[in-house]
Amino acid sequence: MLSVGESASATISAIEKWNDTGIHLTASQEYRFTTTGQWIDWTITCDANGYPSPNWVLKISERLRRVTNENWFALIGAINFNERNLFAIGEERTLVMSESGTLLYKY
């Protein structure tokens, strides 16, 4: 569990559907997320913000994204493997957690 002023880091593997960070977050507490790095989706290099649909094939497939209103390959967080509370993190985001539990990342 993180205390006020503490920080933690995790390495995310894009090949894994879920990345268990081992970081416990507490409901109603505010957390600031920052990321670094890049990955390649076939021929498109992106950062944690992902990328918008660059062509008609991806535009008609947008409903298949992990979070339909977020970019392809955006870094997405969740608490306790709960797919009902997915949230985009991108390169930087501050959020108040809606529930307590372990932070997981999806690419």
# chains A, B, ... in the order shown; residues from 1 in each chain; ligands from 1

$ residues_around --residues "region 3-8 of chain A" --least-positions-apart "3" --cutoff "10 Å" --atoms "only C-alpha atoms" --output "list of chain:residue names"
A:Thr21, A:Gly22, A:Ile23, A:Leu25, A:Thr26, A:Gln29, A:Glu30, A:Tyr31, A:Arg32, A:Phe33

$ atom_distance --atom1 "CA of Asn82 (chain A)" --atom2 "CA of Ser98 (chain A)"
11.7 Å

$ residues_around --residues "Thr68 (chain A)" --least-positions-apart "5" --cutoff "12 Å" --atoms "only C-alpha atoms" --output "list in words"
Pro52, Ser53, Leu58, Lys59, Ile60, Ser61, Glu62, Arg63, Phe73, Ala74, Ile76, Leu86, Phe87 and Ala88 of chain A

$ write_last_selection --atoms "C-alpha atoms" --output "short mmCIF file (atom, residue, chain, number, x, y, z; two decimals), in the first residue's frame"
data_model
loop_
_atom_site.label_atom_id
_atom_site.label_comp_id
_atom_site.auth_asym_id
_atom_site.auth_seq_id
_atom_site.Cartn_x
_atom_site.Cartn_y
_atom_site.Cartn_z
CA PRO A 52 -5.97 6.92 -33.22
CA SER A 53 -7.32 4.84 -36.10
CA LEU A 58 -9.11 0.25 -37.88
CA LYS A 59 -11.93 2.80 -37.84
CA ILE A 60 -14.53 0.09 -38.43
CA SER A 61 -12.82 -2.11 -35.81
CA GLU A 62 -12.80 0.45 -33.00
CA ARG A 63 -15.39 -1.48 -31.00
CA PHE A 73 -2.60 0.39 -27.67
CA ALA A 74 -3.17 3.09 -25.05
CA ILE A 76 -5.09 1.00 -19.64
CA LEU A 86 -10.91 0.10 -16.93
CA PHE A 87 -9.32 3.54 -17.11
CA ALA A 88 -6.90 5.07 -19.59
#

$ atom_distance --atom1 "CA of Gly90 (chain A)" --atom2 "CA of Met1 (chain A)"
22.5 Å

$ residues_around --residues "Asp47 (chain A)" --least-positions-apart "6" --cutoff "8 Å" --atoms "only C-alpha atoms" --output "PDB file with C-alpha atoms, in the first residue's frame"
ATOM      1  CA  THR A  36       7.931   6.280 -20.281  1.00  0.00           C
ATOM      2  CA  GLY A  37       8.800   4.077 -23.220  1.00  0.00           C
ATOM      3  CA  GLN A  38       7.418   3.051 -26.576  1.00  0.00           C
ATOM      4  CA  TRP A  39       6.223  -0.073 -28.322  1.00  0.00           C
ATOM      5  CA  ALA A  74      -3.170   3.089 -25.047  1.00  0.00           C
ATOM      6  CA  GLY A  90      -1.603   7.290 -21.226  1.00  0.00           C
ATOM      7  CA  GLU A  91       1.662   9.125 -20.578  1.00  0.00           C
TER       8      GLU A  91
END

$ select_by_dssp --residues "region 11-103 of chain A" --states "alpha helix (DSSP H)" --output "VMD selection string"
chain A and resid 56 to 59

$ write_last_selection --atoms "N, CA and C atoms" --output "compact mmCIF listing (two decimals), in the first residue's frame"
# COMPACT_ATOMS: atom_id res chain seq x y z
N TRP A 56 -9.30 3.15 -42.59
CA TRP A 56 -10.70 2.72 -42.50
C TRP A 56 -10.84 1.34 -41.85
N VAL A 57 -9.85 0.48 -42.00
CA VAL A 57 -9.93 -0.86 -41.40
C VAL A 57 -9.97 -0.74 -39.88
N LEU A 58 -9.10 0.07 -39.32
CA LEU A 58 -9.11 0.25 -37.88
C LEU A 58 -10.30 1.08 -37.41
N LYS A 59 -10.75 2.01 -38.21
CA LYS A 59 -11.93 2.80 -37.84
C LYS A 59 -13.15 1.91 -37.66

$ select_by_dssp --residues "region 21-65 of chain A" --states "strand (DSSP E or B)" --output "list in words"
Thr21, Gly22, Ile23, His24, Leu25, Glu30, Tyr31, Arg32, Phe33, Thr34, Trp39, Ile40, Asp41, Ile44, Thr45, Cys46 and Tyr51 of chain A

$ write_last_selection --atoms "N, CA, C and O atoms" --output "PDB file, in the first residue's frame"
ATOM      1  N   THR A  21       0.982  -5.402 -11.162  1.00  0.00           N
ATOM      2  CA  THR A  21       2.063  -4.550 -10.660  1.00  0.00           C
ATOM      3  C   THR A  21       2.448  -4.865  -9.219  1.00  0.00           C
ATOM      4  O   THR A  21       3.514  -4.474  -8.777  1.00  0.00           O
ATOM      5  N   GLY A  22       1.563  -5.513  -8.486  1.00  0.00           N
ATOM      6  CA  GLY A  22       1.803  -5.743  -7.065  1.00  0.00           C
ATOM      7  C   GLY A  22       1.630  -4.477  -6.233  1.00  0.00           C
ATOM      8  O   GLY A  22       1.897  -4.467  -5.043  1.00  0.00           O
ATOM      9  N   ILE A  23       1.149  -3.402  -6.857  1.00  0.00           N
ATOM     10  CA  ILE A  23       0.955  -2.120  -6.173  1.00  0.00           C
ATOM     11  C   ILE A  23      -0.488  -2.035  -5.703  1.00  0.00           C
ATOM     12  O   ILE A  23      -1.420  -2.150  -6.504  1.00  0.00           O
ATOM     13  N   HIS A  24      -0.688  -1.862  -4.408  1.00  0.00           N
ATOM     14  CA  HIS A  24      -2.035  -1.772  -3.849  1.00  0.00           C
ATOM     15  C   HIS A  24      -2.456  -0.307  -3.760  1.00  0.00           C
ATOM     16  O   HIS A  24      -1.721   0.523  -3.215  1.00  0.00           O
ATOM     17  N   LEU A  25      -3.634  -0.002  -4.308  1.00  0.00           N
ATOM     18  CA  LEU A  25      -4.185   1.349  -4.271  1.00  0.00           C
ATOM     19  C   LEU A  25      -5.419   1.367  -3.375  1.00  0.00           C
ATOM     20  O   LEU A  25      -6.103   0.361  -3.233  1.00  0.00           O
ATOM     21  N   GLU A  30      -6.096   9.858  -4.218  1.00  0.00           N
ATOM     22  CA  GLU A  30      -5.658  10.358  -5.523  1.00  0.00           C
ATOM     23  C   GLU A  30      -4.260   9.823  -5.826  1.00  0.00           C
ATOM     24  O   GLU A  30      -3.390   9.836  -4.965  1.00  0.00           O
ATOM     25  N   TYR A  31      -4.078   9.369  -7.073  1.00  0.00           N
ATOM     26  CA  TYR A  31      -2.792   8.848  -7.517  1.00  0.00           C
ATOM     27  C   TYR A  31      -2.409   9.508  -8.827  1.00  0.00           C
ATOM     28  O   TYR A  31      -3.265   9.767  -9.668  1.00  0.00           O
ATOM     29  N   ARG A  32      -1.104   9.742  -8.986  1.00  0.00           N
ATOM     30  CA  ARG A  32      -0.580  10.313 -10.232  1.00  0.00           C
ATOM     31  C   ARG A  32       0.235   9.235 -10.929  1.00  0.00           C
ATOM     32  O   ARG A  32       1.141   8.653 -10.344  1.00  0.00           O
ATOM     33  N   PHE A  33      -0.114   8.964 -12.175  1.00  0.00           N
ATOM     34  CA  PHE A  33       0.567   7.970 -12.996  1.00  0.00           C
ATOM     35  C   PHE A  33       1.396   8.681 -14.053  1.00  0.00           C
ATOM     36  O   PHE A  33       0.914   9.610 -14.705  1.00  0.00           O
ATOM     37  N   THR A  34       2.631   8.259 -14.236  1.00  0.00           N
ATOM     38  CA  THR A  34       3.469   8.750 -15.331  1.00  0.00           C
ATOM     39  C   THR A  34       4.136   7.543 -15.981  1.00  0.00           C
ATOM     40  O   THR A  34       4.432   6.550 -15.313  1.00  0.00           O
ATOM     41  N   TRP A  39       6.336   1.255 -27.770  1.00  0.00           N
ATOM     42  CA  TRP A  39       6.223  -0.073 -28.322  1.00  0.00           C
ATOM     43  C   TRP A  39       5.736   0.026 -29.751  1.00  0.00           C
ATOM     44  O   TRP A  39       5.272   1.068 -30.192  1.00  0.00           O
ATOM     45  N   ILE A  40       5.852  -1.059 -30.467  1.00  0.00           N
ATOM     46  CA  ILE A  40       5.482  -1.076 -31.880  1.00  0.00           C
ATOM     47  C   ILE A  40       4.324  -2.038 -32.083  1.00  0.00           C
ATOM     48  O   ILE A  40       4.395  -3.197 -31.671  1.00  0.00           O
ATOM     49  N   ASP A  41       3.270  -1.547 -32.691  1.00  0.00           N
ATOM     50  CA  ASP A  41       2.132  -2.367 -33.091  1.00  0.00           C
ATOM     51  C   ASP A  41       2.256  -2.564 -34.602  1.00  0.00           C
ATOM     52  O   ASP A  41       1.903  -1.689 -35.370  1.00  0.00           O
ATOM     53  N   ILE A  44       3.451   0.543 -36.495  1.00  0.00           N
ATOM     54  CA  ILE A  44       3.164   1.831 -35.866  1.00  0.00           C
ATOM     55  C   ILE A  44       3.838   1.887 -34.497  1.00  0.00           C
ATOM     56  O   ILE A  44       3.558   1.067 -33.625  1.00  0.00           O
ATOM     57  N   THR A  45       4.731   2.858 -34.314  1.00  0.00           N
ATOM     58  CA  THR A  45       5.379   3.073 -33.024  1.00  0.00           C
ATOM     59  C   THR A  45       4.526   4.046 -32.223  1.00  0.00           C
ATOM     60  O   THR A  45       4.062   5.061 -32.746  1.00  0.00           O
ATOM     61  N   CYS A  46       4.297   3.724 -30.960  1.00  0.00           N
ATOM     62  CA  CYS A  46       3.495   4.621 -30.129  1.00  0.00           C
ATOM     63  C   CYS A  46       4.011   4.609 -28.698  1.00  0.00           C
ATOM     64  O   CYS A  46       4.812   3.772 -28.315  1.00  0.00           O
ATOM     65  N   TYR A  51      -2.513   5.250 -30.240  1.00  0.00           N
ATOM     66  CA  TYR A  51      -2.674   6.009 -31.485  1.00  0.00           C
ATOM     67  C   TYR A  51      -4.109   5.902 -31.985  1.00  0.00           C
ATOM     68  O   TYR A  51      -4.792   4.895 -31.777  1.00  0.00           O
TER      69      TYR A  51
END

$ atom_distance --atom1 "CA of Val67 (chain A)" --atom2 "CA of Ile89 (chain A)"
11.4 Å

$ closest_atom_pairs --of "region 23-107 of chain A" --to "region 14-18 of chain A" --cutoff "9 Å" --atoms "only C-alpha atoms" --output "CSV"
residue,atom,partner,partner_atom,distance
A:Trp39,CA,A:Ala14,CA,7.7
A:Phe73,CA,A:Ala14,CA,8.9
A:Phe81,CA,A:Trp18,CA,7.9
A:Leu104,CA,A:Trp18,CA,6.4
A:Tyr105,CA,A:Trp18,CA,5.7
A:Lys106,CA,A:Trp18,CA,5.1
A:Tyr107,CA,A:Ala14,CA,5.6

$ write_last_selection --atoms "N, CA and C atoms" --output "CSV table (one decimal), in the first residue's frame"
chain,number,residue,atom,x,y,z
A,39,TRP,N,6.3,1.3,-27.8
A,39,TRP,CA,6.2,-0.1,-28.3
A,39,TRP,C,5.7,0.0,-29.8
A,73,PHE,N,-3.8,0.6,-28.4
A,73,PHE,CA,-2.6,0.4,-27.7
A,73,PHE,C,-2.3,1.5,-26.6
A,81,PHE,N,-8.3,-7.0,-11.6
A,81,PHE,CA,-8.8,-7.7,-12.9
A,81,PHE,C,-10.3,-7.3,-13.2
A,104,LEU,N,-3.5,-3.2,-12.0
A,104,LEU,CA,-3.1,-4.0,-13.1
A,104,LEU,C,-3.1,-3.1,-14.4
A,105,TYR,N,-2.2,-3.5,-15.3
A,105,TYR,CA,-2.2,-2.7,-16.6
A,105,TYR,C,-2.5,-3.7,-17.7
A,106,LYS,N,-3.2,-3.1,-18.7
A,106,LYS,CA,-3.4,-3.8,-20.0
A,106,LYS,C,-2.8,-2.9,-21.0
A,107,TYR,N,-2.3,-3.5,-22.1
A,107,TYR,CA,-1.7,-2.6,-23.2
A,107,TYR,C,-2.9,-2.2,-24.1
